[in-house]
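J.: Structure: data09.tsv, TSV, C-alpha atoms.
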```
chain	number	residue	atom	x	y	z
W	1	MET	CA	32.40	-11.97	17.03
W	2	SER	CA	31.27	-8.37	16.87
W	3	ASP	CA	32.99	-5.51	18.62
W	4	THR	CA	31.80	-4.36	22.02
W	5	PHE	CA	32.20	-1.50	24.45
W	6	ILE	CA	31.30	-1.23	28.14
W	7	LEU	CA	28.24	0.81	29.16
W	8	ASP	CA	27.65	1.07	32.91
W	9	GLY	CA	29.48	-2.20	33.38
W	10	ARG	CA	27.55	-4.02	30.69
W	11	GLU	CA	29.02	-5.25	27.42
W	12	ILE	CA	27.26	-3.63	24.43
W	13	PRO	CA	27.81	-4.96	20.89
W	14	PHE	CA	27.92	-2.51	18.01
W	15	ALA	CA	28.12	-2.47	14.25
W	16	PRO	CA	30.78	-0.37	12.50
W	17	GLY	CA	29.63	3.26	12.20
W	18	GLN	CA	27.10	3.08	15.02
W	19	THR	CA	27.15	5.77	17.66
W	20	ILE	CA	27.12	4.93	21.35
W	21	LEU	CA	23.45	5.96	21.54
W	22	GLN	CA	22.46	3.81	18.55
W	23	ALA	CA	24.25	0.77	19.95
W	24	ALA	CA	22.68	1.32	23.38
W	25	MET	CA	19.21	1.63	21.87
W	26	ALA	CA	19.74	-1.54	19.83
W	27	ALA	CA	20.71	-3.32	23.05
W	28	GLY	CA	17.57	-1.99	24.78
W	29	VAL	CA	19.47	0.37	27.10
W	30	TYR	CA	17.81	3.74	27.66
W	31	ILE	CA	19.90	6.90	27.41
W	32	PRO	CA	17.85	10.10	27.86
W	33	ARG	CA	17.61	12.24	24.70
W	34	LEU	CA	15.34	14.82	23.12
W	35	CYS	CA	16.86	15.97	19.81
W	36	TYR	CA	17.83	12.51	18.56
W	37	HIS	CA	15.61	10.58	16.15
W	38	PRO	CA	16.82	7.37	14.47
W	39	GLU	CA	15.70	8.53	11.03
W	40	PHE	CA	17.71	11.73	11.07
W	41	LYS	CA	21.31	12.79	11.28
W	42	PRO	CA	22.20	13.50	14.92
W	43	HIS	CA	22.05	17.16	15.86
W	44	GLY	CA	23.90	16.88	19.18
W	45	SER	CA	22.26	19.96	20.62
W	46	CYS	CA	20.06	18.99	23.56
W	47	LYS	CA	23.00	17.38	25.41
W	48	LEU	CA	20.67	15.12	27.39
W	49	CYS	CA	22.39	12.04	25.99
W	50	THR	CA	25.71	13.20	27.41
W	51	VAL	CA	27.71	10.28	28.79
W	52	LYS	CA	31.23	9.93	30.07
W	53	VAL	CA	33.55	8.14	27.65
W	54	ASN	CA	36.76	7.12	29.35
W	55	GLY	CA	36.02	9.78	31.96
W	56	ARG	CA	35.21	12.65	29.56
W	57	HIS	CA	31.80	14.18	28.84
W	58	THR	CA	30.49	13.75	25.30
W	59	ALA	CA	27.17	13.53	23.46
W	60	SER	CA	26.47	9.83	22.90
W	61	CYS	CA	24.32	10.56	19.83
W	62	THR	CA	27.35	11.82	17.91
W	63	TYR	CA	30.19	9.77	19.42
W	64	LYS	CA	31.06	6.69	17.39
W	65	ALA	CA	31.22	3.44	19.30
W	66	ALA	CA	34.67	1.89	19.39
W	67	PRO	CA	36.02	-1.35	20.86
W	68	GLY	CA	36.83	-1.23	24.54
W	69	LEU	CA	35.34	2.21	25.35
W	70	GLU	CA	34.37	2.61	28.99
W	71	VAL	CA	31.07	4.53	29.00
W	72	GLU	CA	29.13	5.78	32.03
W	73	SER	CA	25.52	6.87	31.55
W	74	ASN	CA	23.07	5.96	34.29
W	75	THR	CA	24.97	7.56	37.15
W	76	GLU	CA	23.81	9.98	39.82
W	77	GLU	CA	26.19	12.64	38.54
W	78	LEU	CA	25.10	12.47	34.88
W	79	ASN	CA	21.40	12.20	35.74
W	80	ALA	CA	21.68	15.28	37.98
W	81	GLU	CA	23.22	17.20	35.08
W	82	ARG	CA	20.47	15.97	32.74
W	83	ARG	CA	17.83	17.00	35.27
W	84	THR	CA	19.31	20.50	35.35
W	85	LEU	CA	19.22	20.69	31.53
W	86	VAL	CA	15.55	19.69	31.53
W	87	GLN	CA	14.76	22.22	34.26
W	88	MET	CA	16.35	24.95	32.14
W	89	LEU	CA	14.19	23.89	29.17
W	90	PHE	CA	11.09	24.09	31.37
W	91	VAL	CA	11.75	27.63	32.67
W	92	GLU	CA	12.93	28.97	29.31
W	93	GLY	CA	9.58	28.29	27.61
W	94	ASN	CA	6.01	28.15	28.84
W	95	HIS	CA	5.39	24.53	29.73
W	96	PHE	CA	2.03	24.30	31.44
W	97	CYS	CA	1.33	20.59	31.22
W	98	PRO	CA	-2.25	20.68	32.58
W	99	SER	CA	-3.36	22.79	29.61
W	100	CYS	CA	-1.23	21.07	26.95
W	101	GLU	CA	-2.87	18.53	24.72
W	102	LYS	CA	0.44	16.69	24.26
W	103	SER	CA	0.60	15.92	27.99
W	104	GLY	CA	1.21	12.21	28.51
W	105	ASP	CA	2.66	11.84	25.00
W	106	CYS	CA	5.37	14.47	25.48
W	107	GLN	CA	9.04	13.49	25.39
W	108	LEU	CA	10.12	16.45	27.50
W	109	GLN	CA	7.59	15.67	30.21
W	110	ALA	CA	8.32	11.93	30.16
W	111	THR	CA	12.06	12.56	30.32
W	112	ALA	CA	11.54	14.90	33.28
W	113	TYR	CA	9.50	12.18	35.02
W	114	GLU	CA	12.27	9.68	34.29
W	115	LEU	CA	14.88	11.99	35.79
W	116	GLY	CA	12.70	12.65	38.84
W	117	MET	CA	12.29	16.38	38.19
W	118	MET	CA	10.08	17.54	41.07
W	119	SER	CA	10.40	21.28	40.46
W	120	PRO	CA	11.66	23.71	37.82
W	121	HIS	CA	14.26	24.92	40.39
W	122	PHE	CA	15.14	28.08	38.41
W	123	ASP	CA	13.19	31.32	38.01
W	124	HIS	CA	10.80	31.23	35.07
W	125	PHE	CA	11.34	33.43	32.00
W	126	PHE	CA	7.61	33.50	31.13
W	127	PRO	CA	8.42	34.55	27.54
W	128	ASP	CA	5.79	36.05	25.26
W	129	ARG	CA	5.43	33.66	22.31
W	130	PRO	CA	2.18	34.08	20.36
W	131	VAL	CA	0.76	30.93	18.77
W	132	ASP	CA	0.21	30.53	15.02
W	133	ALA	CA	-3.29	29.17	14.44
W	134	SER	CA	-3.43	30.36	10.83
W	135	HIS	CA	-3.37	26.89	9.24
W	136	PRO	CA	-6.77	25.18	8.96
W	137	ASP	CA	-5.51	21.81	10.21
W	138	LEU	CA	-2.40	22.57	12.24
W	139	LEU	CA	-1.60	24.63	15.32
W	140	LEU	CA	1.86	25.95	16.15
W	141	ASP	CA	2.37	26.67	19.84
W	142	PHE	CA	5.86	28.13	20.11
W	143	ASN	CA	5.59	28.32	23.91
W	144	ARG	CA	6.66	24.68	24.10
W	145	CYS	CA	9.50	24.67	21.57
W	146	ILE	CA	12.77	23.18	22.88
W	147	LEU	CA	14.73	23.85	19.65
W	148	CYS	CA	15.40	20.14	18.97
W	149	SER	CA	15.23	20.99	15.24
W	150	LEU	CA	13.54	17.69	14.35
W	151	CYS	CA	10.85	19.50	12.34
W	152	VAL	CA	13.56	21.50	10.59
W	153	ARG	CA	15.49	18.37	9.66
W	154	ALA	CA	12.34	16.45	8.64
W	155	SER	CA	11.05	19.26	6.44
W	156	ARG	CA	14.42	19.79	4.82
W	157	ASP	CA	15.66	16.21	4.45
W	158	VAL	CA	12.48	14.15	4.02
W	159	ASP	CA	9.68	16.46	2.86
W	160	LYS	CA	12.10	18.62	0.80
W	161	LYS	CA	10.04	21.69	1.71
W	162	ASN	CA	12.09	23.70	4.22
W	163	VAL	CA	8.97	24.83	6.03
W	164	PHE	CA	10.74	25.33	9.38
W	165	ALA	CA	14.02	26.87	10.46
W	166	LEU	CA	15.78	27.99	13.61
W	167	ALA	CA	16.53	31.72	13.61
W	168	GLY	CA	18.45	33.97	15.98
W	169	ARG	CA	21.39	33.04	18.16
W	170	GLY	CA	21.98	32.03	21.76
W	171	ILE	CA	19.08	32.83	24.04
W	172	GLY	CA	17.40	34.55	21.07
W	173	SER	CA	17.16	31.29	19.08
W	174	HIS	CA	13.64	30.49	18.02
W	175	LEU	CA	11.64	28.44	15.54
W	176	ILE	CA	10.36	30.27	12.47
W	177	VAL	CA	8.13	29.42	9.53
W	178	ASN	CA	9.55	29.88	6.06
W	179	ALA	CA	6.96	32.19	4.48
W	180	ALA	CA	7.05	35.91	3.75
W	181	SER	CA	4.19	36.38	6.20
W	182	GLY	CA	5.81	34.04	8.75
W	183	ARG	CA	2.49	32.18	8.98
W	184	LEU	CA	2.10	28.44	8.58
W	185	ALA	CA	-1.00	28.91	6.42
W	186	ASP	CA	1.19	30.52	3.77
W	187	THR	CA	3.49	27.48	3.36
W	188	ASN	CA	2.98	24.24	1.45
W	189	VAL	CA	3.08	22.14	4.63
W	190	ALA	CA	0.76	19.11	4.52
W	191	LEU	CA	-0.65	16.84	7.21
W	192	GLU	CA	1.25	13.85	5.80
W	193	ASP	CA	4.59	15.65	6.10
W	194	LYS	CA	7.24	14.06	8.27
W	195	ALA	CA	7.83	17.46	9.85
W	196	VAL	CA	4.32	17.38	11.26
W	197	GLN	CA	4.87	13.96	12.88
W	198	VAL	CA	8.19	14.35	14.67
W	199	CYS	CA	7.69	17.09	17.26
W	200	PRO	CA	8.65	15.53	20.63
W	201	VAL	CA	6.72	18.21	22.54
W	202	GLY	CA	3.47	20.08	21.95
W	203	VAL	CA	4.48	22.65	19.32
W	204	ILE	CA	3.15	21.15	16.07
W	205	LEU	CA	-0.35	19.87	16.76
W	206	ARG	CA	-3.12	18.58	14.56
W	207	LYS	CA	-6.29	20.50	15.20
W	208	ARG	CA	-9.42	18.67	16.44
W	209	ARG	CA	-7.36	15.71	17.68
W	210	GLY	CA	-6.16	16.92	21.06
W	211	PHE	CA	-8.13	14.75	23.43
W	212	ALA	CA	-9.00	11.76	21.23
W	213	VAL	CA	-7.05	9.75	23.82
W	214	PRO	CA	-7.93	10.95	27.33
W	215	ILE	CA	-5.29	12.25	29.75
W	216	GLY	CA	-4.23	9.34	31.94
W	217	GLN	CA	-4.36	6.76	29.12
W	218	ARG	CA	-1.49	8.04	27.04
W	219	THR	CA	1.90	6.66	26.06
W	220	TYR	CA	3.87	7.65	29.14
W	221	ASP	CA	0.95	7.23	31.52
W	222	LYS	CA	1.18	3.52	30.77
W	223	ALA	CA	4.95	3.03	30.98
W	224	PRO	CA	7.91	5.32	31.62
W	225	ILE	CA	9.98	6.49	28.67
W	226	SER	CA	12.88	4.29	29.76
W	227	GLY	CA	10.65	1.24	29.32
W	228	GLN	CA	9.96	2.18	25.71
W	229	ALA	CA	13.52	2.47	24.47
W	230	ARG	CA	12.91	0.63	21.22
W	231	THR	CA	9.22	1.19	20.62
W	232	THR	CA	6.49	3.76	20.00
W	233	TRP	CA	7.43	7.16	18.62
W	234	GLN	CA	11.03	6.30	17.79
W	235	GLU	CA	10.01	3.55	15.39
W	236	GLU	CA	6.74	4.99	14.19
W	237	GLY	CA	8.12	8.48	13.67
A	238	MET	CA	0.60	3.61	83.65
A	239	ASN	CA	-0.04	4.23	80.00
A	240	VAL	CA	2.80	5.13	77.74
A	241	ALA	CA	2.52	8.84	76.96
A	242	ALA	CA	0.89	9.39	73.55
A	243	LYS	CA	3.41	10.27	70.87
A	244	LYS	CA	3.38	13.99	70.20
A	245	LYS	CA	1.45	14.77	67.05
A	246	LEU	CA	3.05	16.75	64.23
A	247	LYS	CA	1.48	20.11	63.53
A	248	VAL	CA	0.44	20.67	59.93
A	249	ALA	CA	-0.86	23.88	58.34
A	250	THR	CA	-2.29	24.23	54.83
A	251	THR	CA	-3.36	27.16	52.67
A	252	SER	CA	-4.40	27.96	49.14
A	253	LEU	CA	-2.84	31.06	47.55
A	254	ALA	CA	-3.44	31.61	43.82
A	255	GLY	CA	-4.98	28.15	43.54
A	256	CYS	CA	-8.44	26.73	43.00
A	257	PHE	CA	-8.63	24.50	46.09
A	258	GLY	CA	-8.44	21.51	43.76
A	259	CYS	CA	-5.27	20.36	45.52
A	260	HIS	CA	-7.06	20.54	48.87
A	261	MET	CA	-9.89	18.48	47.37
A	262	SER	CA	-7.28	15.98	46.18
A	263	PHE	CA	-5.81	15.93	49.69
A	264	LEU	CA	-9.26	14.84	50.92
A	265	ASP	CA	-9.10	12.10	48.28
A	266	ILE	CA	-6.81	10.15	50.58
A	267	ASP	CA	-10.26	9.14	51.89
A	268	GLU	CA	-10.27	6.77	54.90
A	269	ARG	CA	-6.52	7.23	55.25
A	270	LEU	CA	-7.50	10.57	56.83
A	271	PHE	CA	-8.28	8.55	59.99
A	272	GLU	CA	-4.75	7.21	60.05
A	273	LEU	CA	-3.37	10.67	59.32
A	274	VAL	CA	-5.11	12.32	62.28
A	275	GLU	CA	-3.47	9.72	64.53
A	276	HIS	CA	-0.16	11.35	63.62
A	277	VAL	CA	-0.94	14.99	62.86
A	278	GLU	CA	-2.92	17.87	64.20
A	279	LEU	CA	-4.07	20.67	61.90
A	280	ASP	CA	-3.15	24.27	62.55
A	281	ARG	CA	-4.18	26.99	60.08
A	282	SER	CA	-6.08	25.36	57.23
A	283	PRO	CA	-9.33	25.80	55.33
A	284	LEU	CA	-10.37	22.68	57.26
A	285	THR	CA	-9.98	24.32	60.68
A	286	ASP	CA	-10.65	27.96	59.85
A	287	ILE	CA	-7.75	29.05	62.11
A	288	LYS	CA	-6.70	32.40	60.62
A	289	GLU	CA	-3.04	32.73	61.66
A	290	VAL	CA	-0.46	30.02	61.26
A	291	GLY	CA	1.38	28.99	64.43
A	292	ALA	CA	4.66	27.11	64.80
A	293	CYS	CA	4.28	23.98	62.65
A	294	ASP	CA	6.25	20.97	61.53
A	295	ILE	CA	4.81	20.88	58.02
A	296	GLY	CA	3.29	23.65	55.90
A	297	ILE	CA	1.45	22.75	52.72
A	298	ILE	CA	1.04	25.50	50.11
A	299	GLU	CA	-1.37	25.22	47.22
A	300	GLY	CA	-1.28	27.86	44.49
A	301	GLY	CA	1.25	30.39	43.27
A	302	LEU	CA	1.63	34.07	44.07
A	303	CYS	CA	-0.68	36.50	42.28
A	304	ASN	CA	-1.00	39.28	44.86
A	305	ALA	CA	0.71	40.92	47.83
A	306	GLU	CA	-1.32	38.99	50.39
A	307	ASN	CA	-0.19	35.68	48.85
A	308	VAL	CA	3.43	36.74	49.38
A	309	HIS	CA	2.73	37.76	52.98
A	310	VAL	CA	1.00	34.47	53.81
A	311	LEU	CA	3.75	32.46	52.12
A	312	GLN	CA	6.50	34.24	54.05
A	313	THR	CA	4.62	33.70	57.32
A	314	PHE	CA	4.28	29.99	56.52
A	315	ARG	CA	7.99	29.80	55.74
A	316	ARG	CA	8.85	31.40	59.10
A	317	GLN	CA	6.52	29.12	61.05
A	318	CYS	CA	7.01	25.76	59.30
A	319	LYS	CA	10.01	23.46	59.52
A	320	VAL	CA	9.17	21.72	56.25
A	321	LEU	CA	7.39	23.58	53.45
A	322	ILE	CA	5.62	21.64	50.70
A	323	ALA	CA	4.64	23.11	47.32
A	324	LEU	CA	1.44	21.23	46.47
A	325	GLY	CA	0.33	21.15	42.84
A	326	ALA	CA	1.15	22.75	39.51
A	327	CYS	CA	0.36	26.36	40.50
A	328	ALA	CA	2.65	26.30	43.54
A	329	VAL	CA	5.33	24.51	41.52
A	330	ASN	CA	5.36	26.59	38.32
A	331	GLY	CA	2.59	29.17	38.53
A	332	GLY	CA	0.10	26.98	36.67
A	333	LEU	CA	-3.02	28.35	35.05
A	334	PRO	CA	-2.94	31.81	36.71
A	335	ALA	CA	0.59	32.33	35.32
A	336	GLN	CA	-0.80	32.16	31.81
A	337	ARG	CA	-1.58	35.85	32.23
A	338	ASN	CA	2.14	36.59	32.56
A	339	HIS	CA	2.72	37.73	28.98
A	340	LEU	CA	-0.04	40.35	29.30
A	341	PRO	CA	0.45	43.77	30.92
A	342	LEU	CA	-1.55	43.98	34.18
A	343	THR	CA	-3.21	47.24	33.14
A	344	ASP	CA	-4.52	45.58	29.97
A	345	ILE	CA	-5.97	42.71	32.02
A	346	LEU	CA	-7.69	44.97	34.56
A	347	SER	CA	-9.02	47.16	31.80
A	348	GLU	CA	-10.35	44.17	29.85
A	349	VAL	CA	-12.01	42.65	32.92
A	350	TYR	CA	-13.45	45.78	34.54
A	351	LEU	CA	-13.70	48.46	31.87
A	352	SER	CA	-14.07	47.18	28.33
A	353	SER	CA	-15.82	43.79	28.68
A	354	PRO	CA	-19.13	43.70	26.85
A	355	GLY	CA	-22.04	44.36	29.20
A	356	LEU	CA	-20.05	46.47	31.65
A	357	GLY	CA	-21.66	49.89	32.09
A	358	ASN	CA	-19.61	52.47	33.99
A	359	GLY	CA	-17.08	49.84	34.94
A	360	LEU	CA	-14.57	50.60	37.68
A	361	ILE	CA	-11.28	48.94	38.59
A	362	PRO	CA	-11.71	47.93	42.27
A	363	ASN	CA	-9.49	50.07	44.49
A	364	ASP	CA	-10.70	49.34	48.03
A	365	PRO	CA	-7.63	49.52	50.33
A	366	GLU	CA	-8.74	46.16	51.83
A	367	LEU	CA	-8.01	44.44	48.52
A	368	PRO	CA	-4.49	43.03	48.12
A	369	LEU	CA	-2.63	44.51	45.17
A	370	PRO	CA	-2.08	42.15	42.25
A	371	LEU	CA	1.51	41.34	41.26
A	372	ASN	CA	2.70	42.19	37.76
A	373	GLN	CA	3.23	38.48	37.11
A	374	VAL	CA	2.18	35.28	38.84
A	375	HIS	CA	5.12	33.43	40.37
A	376	PRO	CA	5.66	29.91	41.69
A	377	ILE	CA	6.49	29.90	45.39
A	378	HIS	CA	10.09	28.69	45.10
A	379	GLU	CA	10.92	32.01	43.43
A	380	VAL	CA	10.21	33.75	46.76
A	381	VAL	CA	10.97	31.32	49.60
A	382	LYS	CA	12.96	28.11	50.06
A	383	VAL	CA	10.73	25.12	49.38
A	384	ASP	CA	11.67	21.73	50.82
A	385	VAL	CA	9.33	19.35	49.01
A	386	PHE	CA	7.50	19.60	45.69
A	387	ILE	CA	4.44	17.58	44.70
A	388	PRO	CA	3.62	18.40	41.06
A	389	GLY	CA	0.29	17.66	39.40
A	390	CYS	CA	-2.97	19.38	38.53
A	391	PRO	CA	-3.95	18.24	41.03
A	392	PRO	CA	-1.50	15.71	42.48
A	393	SER	CA	-3.41	12.48	43.13
A	394	GLY	CA	-4.48	11.58	46.66
A	395	ASP	CA	-2.05	8.67	46.38
A	396	ALA	CA	0.85	11.01	45.55
A	397	ILE	CA	0.00	13.27	48.50
A	398	TRP	CA	-0.32	10.27	50.80
A	399	SER	CA	3.00	8.88	49.58
A	400	VAL	CA	4.81	12.14	50.39
A	401	LEU	CA	3.11	12.57	53.77
A	402	THR	CA	3.83	9.01	54.89
A	403	ASP	CA	7.45	9.34	53.75
A	404	LEU	CA	7.80	12.54	55.79
A	405	LEU	CA	6.09	11.04	58.85
A	406	ALA	CA	8.46	8.08	58.65
A	407	GLY	CA	11.47	10.38	58.33
A	408	ARG	CA	12.22	9.33	54.75
A	409	GLU	CA	13.01	11.63	51.86
A	410	PRO	CA	9.84	11.69	49.72
A	411	ARG	CA	10.13	10.08	46.30
A	412	LEU	CA	7.41	9.75	43.67
A	413	GLY	CA	7.86	6.98	41.11
A	414	HIS	CA	6.12	6.30	37.81
A	415	GLY	CA	2.38	6.83	37.99
A	416	LEU	CA	2.62	9.16	41.00
A	417	ILE	CA	4.80	11.85	39.44
A	418	HIS	CA	2.55	13.77	37.06
A	419	TYR	CA	2.59	17.36	35.83
A	420	ASP	CA	-0.93	17.20	34.40
```
Go ahead and render the structure in this file as structure tokens.
T.:
Amino acid sequence: MSDTFILDGREIPFAPGQTILQAAMAAGVYIPRLCYHPEFKPHGSCKLCTVKVNGRHTASCTYKAAPGLEVESNTEELNAERRTLVQMLFVEGNHFCPSCEKSGDCQLQATAYELGMMSPHFDHFFPDRPVDASHPDLLLDFNRCILCSLCVRASRDVDKKNVFALAGRGIGSHLIVNAASGRLADTNVALEDKAVQVCPVGVILRKRRGFAVPIGQRTYDKAPISGQARTTWQEEG
Amino acid sequence: MNVAAKKKLKVATTSLAGCFGCHMSFLDIDERLFELVEHVELDRSPLTDIKEVGACDIGIIEGGLCNAENVHVLQTFRRQCKVLIALGACAVNGGLPAQRNHLPLTDILSEVYLSSPGLGNGLIPNDPELPLPLNQVHPIHEVVKVDVFIPGCPPSGDAIWSVLTDLLAGREPRLGHGLIHYD
């Protein structure tokens, strides 16, 4: 008999060492998240996966499951807080979905749909973030970066190349390219790199691929992100 | 004696810094327009050509704010309408016109009217009739209180119909999967 904890009134089994989020995913229960990826060490930074454990807020991607925990996730209160976090991500960058080729395959957009985000609510920053189109096969559009650090972790831990890094602090945090020129063309990044595959939004894009699948027929056009808890991008990477 | 006809709701629509695509999508509710006109009567709208908005129950705004006249029209709509709807991406987050926001306005005007190839003796238009452009394009909720948002570029006819029928029935509008779209 394996150990269990309670998530929104439901008994969830877990293996020793699993986090709440991992156990929930294994049980097919969706908890919103943006910076978590099953192949990488949790970063715990986007805070979307925040749940209440025995009444206290904590990131479920970093909190280890333990027998008898009482966890709340899919509640009006927590979803309202998650919606606010997503709204802040939207106004902090330049997220113009109609002109983004990741639209329909974008985790940020799909999560906002899931949380019923009807408006950005806050005033927009409209930051100036020039794109890097220097690489022959890849485009970097920093306007859409949400600082999940998945490309940083993938490049460092899997590709062993350290092509990407987060620089600056607080509101000045931003994604940089590890080259003297700061340009992607001057790195040893390759199309097969894990770092190129993991971007949950539309920052790292393969050129000449954008509309191979038409808008309206994409991943989250077909089913909401909550209905894909154990499939698609998470497994494929 | 006939029962008195139920009073129709007054609805006004306008396009600010938009492309009229959302109005076209509104017309995509197709034959449901017949049902709609049973319940509503149009005030100011591109469909009626009434120039000034009167007291209305619902105001529908397409497009964001790119010039002083947009702001004026929006504020008038807010004063006159009980429920204000932001219709489409540009009204909701500025949309395509807001992609000029990282460029200084003087650079844009100069590029368009003075330095574009083929422009001889170009001149930046300065007729006092022309509304002054804003430094940046803004979504409408940054200037007035907005009650209902319908995102999408454009929102589908079905999404617009869903919100309108919810409002007519006195329900809080809610768009589920397939109707909520930002693209």
J.: May I ask for the distance between CA of Ile287 in chain A and CA of Pro376 in chain A, given in Å to one decimal place?
T.: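 Straight-line distance from CA of Ile287 in chain A to CA of Pro376 in chain A works out to 24.4 Å.
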J.: Residues of chain W that approach chain A to 6 Å or less, counting all atoms listed in the file: could you list each one with the shortest pair of atoms and its distance in Å to one decimal, rows by chain and increasing residue number, as CSV?
T.:
```
residue,atom,partner,partner_atom,distance
W:Cys97,CA,A:Asp420,CA,5.2
W:Pro98,CA,A:Asp420,CA,4.1
W:Met118,CA,A:Phe386,CA,5.7
W:Asp123,CA,A:Glu379,CA,5.9
W:Asp128,CA,A:His339,CA,5.1
```
J.: Distance CA of Ile298 in chain A-CA of Phe271 in chain A, one decimal place?
T.: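 Taking CA of Ile298 in chain A as the start and CA of Phe271 in chain A as the end point, the length is 21.7 Å.
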J.: Tell me, in Å to one decimal, how far CA of Glu92 in chain W is from CA of Lys47 in chain W.
T.: 15.8 Å
J.: Hey, can I get the axis-aligned box for range 4-15 of chain W? All listed atoms, 8 Å padding on each side, centre and edge lengths in Å to one decimal, as lines of an AutoDock Vina configuration file.
T.:
```
center_x = 29.7
center_y = -2.1
center_z = 23.8
size_x = 20.9
size_y = 22.3
size_z = 35.1
```
J.: With range 212-221 of chain W as the partner and 9 Å as the cut-off, tabulate the residues of range 41-150 of chain W that qualify, each row holding the nearest pair of atoms and their distance in Å to one decimal, using all atoms listed in the file, sorted by chain and rising number, as JSON lines.
T.:
```
{"residue": "W:Glu101", "atom": "CA", "partner": "W:Ile215", "partner_atom": "CA", "distance": 8.4}
{"residue": "W:Ser103", "atom": "CA", "partner": "W:Ile215", "partner_atom": "CA", "distance": 7.2}
{"residue": "W:Gly104", "atom": "CA", "partner": "W:Arg218", "partner_atom": "CA", "distance": 5.2}
{"residue": "W:Asp105", "atom": "CA", "partner": "W:Thr219", "partner_atom": "CA", "distance": 5.3}
{"residue": "W:Cys106", "atom": "CA", "partner": "W:Tyr220", "partner_atom": "CA", "distance": 7.9}
{"residue": "W:Gln107", "atom": "CA", "partner": "W:Tyr220", "partner_atom": "CA", "distance": 8.7}
{"residue": "W:Gln109", "atom": "CA", "partner": "W:Tyr220", "partner_atom": "CA", "distance": 8.9}
{"residue": "W:Ala110", "atom": "CA", "partner": "W:Tyr220", "partner_atom": "CA", "distance": 6.3}
```
J.: Between W:Glu81, W:Val29, W:Ile176, W:Thr187, which one has atoms that come closest to Gln228 in chain W, using all atoms listed in the file?
T.: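 Result for the nearest residue to Gln228 in chain W: W:Val29.
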J.: Would you list the contacts of range 120-122 of chain W as a short mmCIF file (atom, residue, chain, number, x, y, z; two decimals) with C-alpha atoms, in the coordinates of the input, taking every protein, DNA or RNA residue within 7 Å and counting only C-alpha atoms, but skipping same-chain residues closer than 6 positions in sequence?
T.:
```
data_model
loop_
_atom_site.label_atom_id
_atom_site.label_comp_id
_atom_site.auth_asym_id
_atom_site.auth_seq_id
_atom_site.Cartn_x
_atom_site.Cartn_y
_atom_site.Cartn_z
CA GLN W 87 14.76 22.22 34.26
CA PHE W 90 11.09 24.09 31.37
CA VAL W 91 11.75 27.63 32.67
CA ASN A 330 5.36 26.59 38.32
#
```
J.: Name all residues at most 7 Å from range 14-27 of chain W (count only C-alpha atoms; drop same-chain ones fewer than 6 positions away) and give them as an NGL selection string.
T.: :W and (2-4 or 60-65 or 229-230)
J.: Restricting the calculation to only C-alpha atoms, which member of W:Arg83, W:Gly227, W:Val189, W:Gly93 is positioned closest to Ser173 in chain W?
T.: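 The answer is W:Gly93, which sits nearest to Ser173 in chain W.
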J.: I need the residue nearest Ala292 in chain A from this list: A:Leu279, A:Leu273, A:Val308, A:Leu369. Use all atoms listed in the file for the distance.
T.: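 Of all the options, A:Leu279 lies closest to Ala292 in chain A.
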J.: Do a neighbour search on Arg316 in chain A at 12 Å with all atoms listed in the file, toss out local chain neighbours closer than 4 positions, and write the hits as a PyMOL selection string.
T.: chain A and resi 290-296+309-312+320-321+381-383
J.: Calculated over all atoms listed in the file, which of the candidates A:Val277, A:Leu246, A:Ala305, A:Met261 has the smallest distance to Ser393 in chain A?
T.: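 Looking only at the distances to Ser393 in chain A, the closest residue turns out to be A:Met261.
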J.: Nearest to Gly116 in chain W among W:Ala223, W:Val86, W:Val203, W:Leu7, with distances taken over all atoms listed in the file: which residue is it?
T.: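 Between W:Ala223, W:Val86, W:Val203, W:Leu7, the residue approaching Gly116 in chain W most closely is W:Val86.
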J.: List the neighbours of range 142-155 of chain W out to 8 Å using all atoms listed in the file; skip same-chain residues closer than 3 positions along the sequence, and give me the result as a PyMOL selection string.
T.: chain W and resi 34-37+40+43+45-46+89+93-95+127-132+158-166+173-175+193-196+198-199+201-203
